Amino acid sequence: MSASSWGQGPVVNGKPGRRDYAIIGEIIERGAKVLDLGCGDGLLLEWLKREKRVEGRGVEIDREQVQKAIARGVAVFQSDIEEALRDYPEGTFDYVILSQTLQETRAPVKVLREMLRVGKRAVVGFPNFGHWTVRLAHLWTGRSPQTKLFPYEWYNSPNIHFLTVTDFELLAREQRWKVERRYFLGQGGTVKRFPNLMAELAVYLVTK
Amino acid sequence: MVVETKFARFDSITLDSGVALAPVEVAYETYGTLNAARSNAILILHAFSGDAHAAFENAEGQEGWWDNVIGPGKAFDTDRYFVICSNVLGGCRGTTGPATVNPATGRPYAMTFPVITIGDMVRLQKMLMERLGIERLLAVSGGSMGGMQALQWAVAYPEAVAAVIPIAATSRHSAQQIAFNEVGRQAIMADTDWNSGEYYDGPKPARGLAVARMVGHITYMSDASMREKFGRRLRGKNEFGFDFSVDFEVESYLRYRGSKFVERFDANSYLYISKAMDYFDLSAGHSSLGDALGKTAARFLVLSFTSDWLYPSYQSLEIVRALRSRNRDVAYCELTSNYGHDAFLVDVKEESELVRGFLASTYAEIAG
């Protein structure tokens, strides 16, 4: 694993803000059974299906995104994430992916628990609210932080549960989940030191 | 291109009721070309009052009932796929039904026609596919009752179908759907011209059948689409007539639709086919809907429409959830439309996009 390998490989990597796709592409092995929660227009699943021959399923609430995904040939159904998880029996998937959506869920811990029920492993990527730009923005402006990672006004943000790298580590410890792998991405690529301050995006591979 | 309806004849078909119907004939049309590998065939399944004429124009200049989605470059692209549509068993548009002459008596079957099921309709379609040399269909698709047949295909012949696209359908009728069908049947049977089904030598039960169709049309539309189409506009007058002739546009429309329907549809077929829909329960013979659908091998694209109150989205979702519980390959989308149940026939822009993409990816997968 190197920073450069995130730069090439998945074509989806070029899409701004979805750099975690590349990491996810590295984690998931060929032919795995994958559920992508909040899969958007199905870009990641399409790529995983083509490159990794995964058996992919997606969930997305936004109708227009669902339409794009289906037109791509991805098995996506229009549903709320929590509701979608409920229908699946235990251990249906090898991986359940939640890419940059955790901060938008109403009950994040419940979602994570459900992910670990229906899947053997959970892949969770989220924007780090502890990044220094966020801290500075808040400190300097005295307003809800608006940064590249969190570009919204407080009133139109889809994000309702902000979390940092440290927050997630603490939660995992508290819930006794095993963190198998952790990836931190900053502006220049991989973040090696002070991830809670320097990582823009974090991706965790978690098991029960 | 002018298309014509073709016919296939079989010695006999054994029905779900155990009765053998012999002989049996099925009317069908085909569009496009079957490829050498015989892997590009799509079977289109029509709704309650449809027929085999699904696309293009026939010799009478009539456009097919789903011409807006079947054709060159359309959702069911006849440049790529070989598309087949047949009239259902029990129908009155060329396939054996109650109006067909019973060879044993020399008279139309009328009410001696055996009760048929959605499963029987699909069995006859399977016989037709075998006759056409098609072992495995790329896809089966239809709206409403066509969607029920598509689901039945997936469960009855899992090896014979790669993709299933049920649109505005259900795995079984609700009390409300059965209720509307029963009103239609009672309207027909209350017409004295119905004569216990023996009307083929005399006047047809036209009033009863027309009323049945009027009820049907109301259920196919939505409050919004009726408001938009008719509102309270008067028909050819500025004031109420203060009699019971046609006042409102909507009355005129329903009467027109009712009378047009009588010209092309057989009242006894109405009874038989509506009964088949009411009897249909995909989970019958299985411990649950999930159990029934768990045996399928196809990919599914399930579609419903926001304003469809006759086949509401929750019914599509039941199918989707059952498939999901068995981790079957299923895509689902509820499309926005004001057109009610008719949306699958008239509001086809988004529907087409989804079907096109879904078919293309299925075809690519099959071709490897």
# chains A, B, ... in the order shown; residues from 1 in each chain; ligands from 1
$ residues_around --residues "range 100-114 of chain B" --least-positions-apart "3" --cutoff "9 Å" --atoms "only C-alpha atoms" --output "list in words"
Leu15, Ser17, Val19, Ala20, Leu21, Ala22, Pro23, Gly90, Cys92, Gly94, Thr95, Thr96, Gly97, Ser196, Gly197, Glu198, Tyr199, Tyr200, Asn268, Ser269 and Tyr272 of chain B
$ select_by_dssp --residues "range 71-205 of chain A" --states "strand (DSSP E or B)" --output "PyMOL selection string"
chain A and resi 76-78+93-99+119-127+178-186+189-190+201-205
$ write_last_selection --atoms "C-alpha atoms" --output "compact mmCIF listing (two decimals), in the first residue's frame"
# COMPACT_ATOMS: atom_id res chain seq x y z
CA VAL A 76 -29.53 -0.82 -6.20
CA PHE A 77 -32.73 -0.35 -4.36
CA GLN A 78 -34.24 2.83 -3.19
CA PHE A 93 -22.13 -10.15 3.03
CA ASP A 94 -18.36 -10.30 3.21
CA TYR A 95 -18.19 -6.52 3.33
CA VAL A 96 -20.68 -3.81 4.13
CA ILE A 97 -19.49 -0.41 2.98
CA LEU A 98 -20.52 2.93 4.39
CA SER A 99 -18.60 5.54 2.49
CA GLY A 119 -21.68 -8.42 7.06
CA LYS A 120 -18.53 -10.14 8.27
CA ARG A 121 -16.63 -6.89 7.97
CA ALA A 122 -17.58 -3.24 7.88
CA VAL A 123 -15.73 -0.68 5.80
CA VAL A 124 -16.42 2.78 7.16
CA GLY A 125 -15.11 5.93 5.56
CA PHE A 126 -15.84 9.38 6.95
CA PRO A 127 -14.59 12.96 6.75
CA LYS A 178 -11.68 -4.99 16.16
CA VAL A 179 -10.09 -2.46 13.87
CA GLU A 180 -8.34 -4.65 11.31
CA ARG A 181 -7.02 -1.78 9.24
CA ARG A 182 -7.12 2.00 9.30
CA TYR A 183 -6.28 4.39 6.50
CA PHE A 184 -5.81 8.12 6.78
CA LEU A 185 -5.77 10.44 3.81
CA GLY A 186 -4.66 14.04 3.79
CA GLY A 189 -1.76 11.37 0.30
CA THR A 190 -1.26 9.06 3.25
CA LEU A 201 -10.60 11.24 5.36
CA ALA A 202 -10.44 8.13 7.46
CA VAL A 203 -11.33 4.60 6.35
CA TYR A 204 -11.69 1.81 8.88
CA LEU A 205 -11.97 -1.91 8.33
$ residues_around --residues "Arg135 in chain A" --least-positions-apart "2" --cutoff "12 Å" --atoms "only C-alpha atoms" --output "list of chain:residue names"
A:Asn128, A:Phe129, A:Gly130, A:His131, A:Trp132, A:Thr133, A:Ala137, A:His138, A:Leu139, A:Trp140, A:Thr141, A:Gly142, A:Arg143, A:Ser144, A:Pro145, A:Gln146, A:Thr147, A:Leu149, A:Phe150, A:Thr164, A:Asn196, A:Leu197, A:Met198
$ interface_residues --of "chain B" --to "chain A" --cutoff "7 Å" --atoms "only C-alpha atoms" --output "list in words"
Arg321, Arg324, Ser325, Asp329, Val330, Ala331, Tyr332, Cys333, Glu353, Leu354, Arg356, Gly357, Phe358 and Ser361 of chain B
$ select_by_dssp --residues "range 59-170 of chain A" --states "helix (DSSP H, G or I)" --output "JSON, numbers by chain"
{"A": [63, 64, 65, 66, 67, 68, 69, 70, 71, 81, 82, 83, 84, 85, 86, 87, 102, 103, 104, 108, 109, 110, 111, 112, 113, 114, 115, 116, 117, 118, 132, 133, 134, 135, 136, 137, 138, 139, 140, 141, 165, 166, 167, 168, 169, 170]}
$ write_last_selection --atoms "C-alpha atoms" --output "short mmCIF file (atom, residue, chain, number, x, y, z; two decimals), in the first residue's frame"
data_model
loop_
_atom_site.label_atom_id
_atom_site.label_comp_id
_atom_site.auth_asym_id
_atom_site.auth_seq_id
_atom_site.Cartn_x
_atom_site.Cartn_y
_atom_site.Cartn_z
CA ARG A 63 -34.40 8.60 -6.52
CA GLU A 64 -32.30 10.26 -9.20
CA GLN A 65 -29.15 8.57 -7.96
CA VAL A 66 -30.93 5.22 -7.86
CA GLN A 67 -32.00 5.68 -11.45
CA LYS A 68 -28.44 6.39 -12.55
CA ALA A 69 -27.18 3.35 -10.65
CA ILE A 70 -29.76 1.00 -12.15
CA ALA A 71 -29.04 2.32 -15.62
CA ILE A 81 -30.21 2.64 5.11
CA GLU A 82 -31.58 1.40 8.42
CA GLU A 83 -34.60 -0.14 6.79
CA ALA A 84 -32.51 -1.84 4.13
CA LEU A 85 -30.23 -3.46 6.70
CA ARG A 86 -33.16 -4.86 8.62
CA ASP A 87 -34.18 -7.26 5.81
CA LEU A 102 -21.98 7.72 8.71
CA GLN A 103 -22.16 11.40 9.67
CA GLU A 104 -25.52 11.62 7.88
CA PRO A 108 -24.82 5.86 13.66
CA VAL A 109 -24.05 3.23 16.29
CA LYS A 110 -27.14 1.25 15.41
CA VAL A 111 -26.17 1.40 11.74
CA LEU A 112 -22.64 0.20 12.52
CA ARG A 113 -23.96 -2.66 14.66
CA GLU A 114 -26.34 -3.68 11.90
CA MET A 115 -23.53 -3.53 9.36
CA LEU A 116 -21.55 -5.96 11.50
CA ARG A 117 -24.57 -8.20 11.79
CA VAL A 118 -25.33 -8.54 8.06
CA TRP A 132 -6.97 21.23 11.54
CA THR A 133 -8.82 23.24 8.87
CA VAL A 134 -12.08 22.49 10.63
CA ARG A 135 -10.68 23.47 14.00
CA LEU A 136 -9.24 26.70 12.62
CA ALA A 137 -12.37 27.61 10.70
CA HIS A 138 -14.38 27.29 13.86
CA LEU A 139 -11.88 29.16 15.99
CA TRP A 140 -11.37 32.04 13.56
CA THR A 141 -14.87 32.64 12.35
CA VAL A 165 -10.77 10.00 14.06
CA THR A 166 -10.38 9.90 17.84
CA ASP A 167 -14.15 9.65 18.27
CA PHE A 168 -14.28 6.61 16.08
CA GLU A 169 -11.34 4.95 17.82
CA LEU A 170 -13.05 5.46 21.17
#
$ closest_residue --among "B:Val83, B:Val2, B:Ile188, B:Leu89" --to "Leu137 in chain B" --atoms "only C-alpha atoms"
B:Val83
$ closest_residue --among "B:Arg172, B:Lys6, B:Arg136, B:His46" --to "Tyr314 in chain B" --atoms "only C-alpha atoms"
B:Arg172
$ atom_distance --atom1 "CA of Ile366 in chain B" --atom2 "CA of Val69 in chain B"
22.3 Å
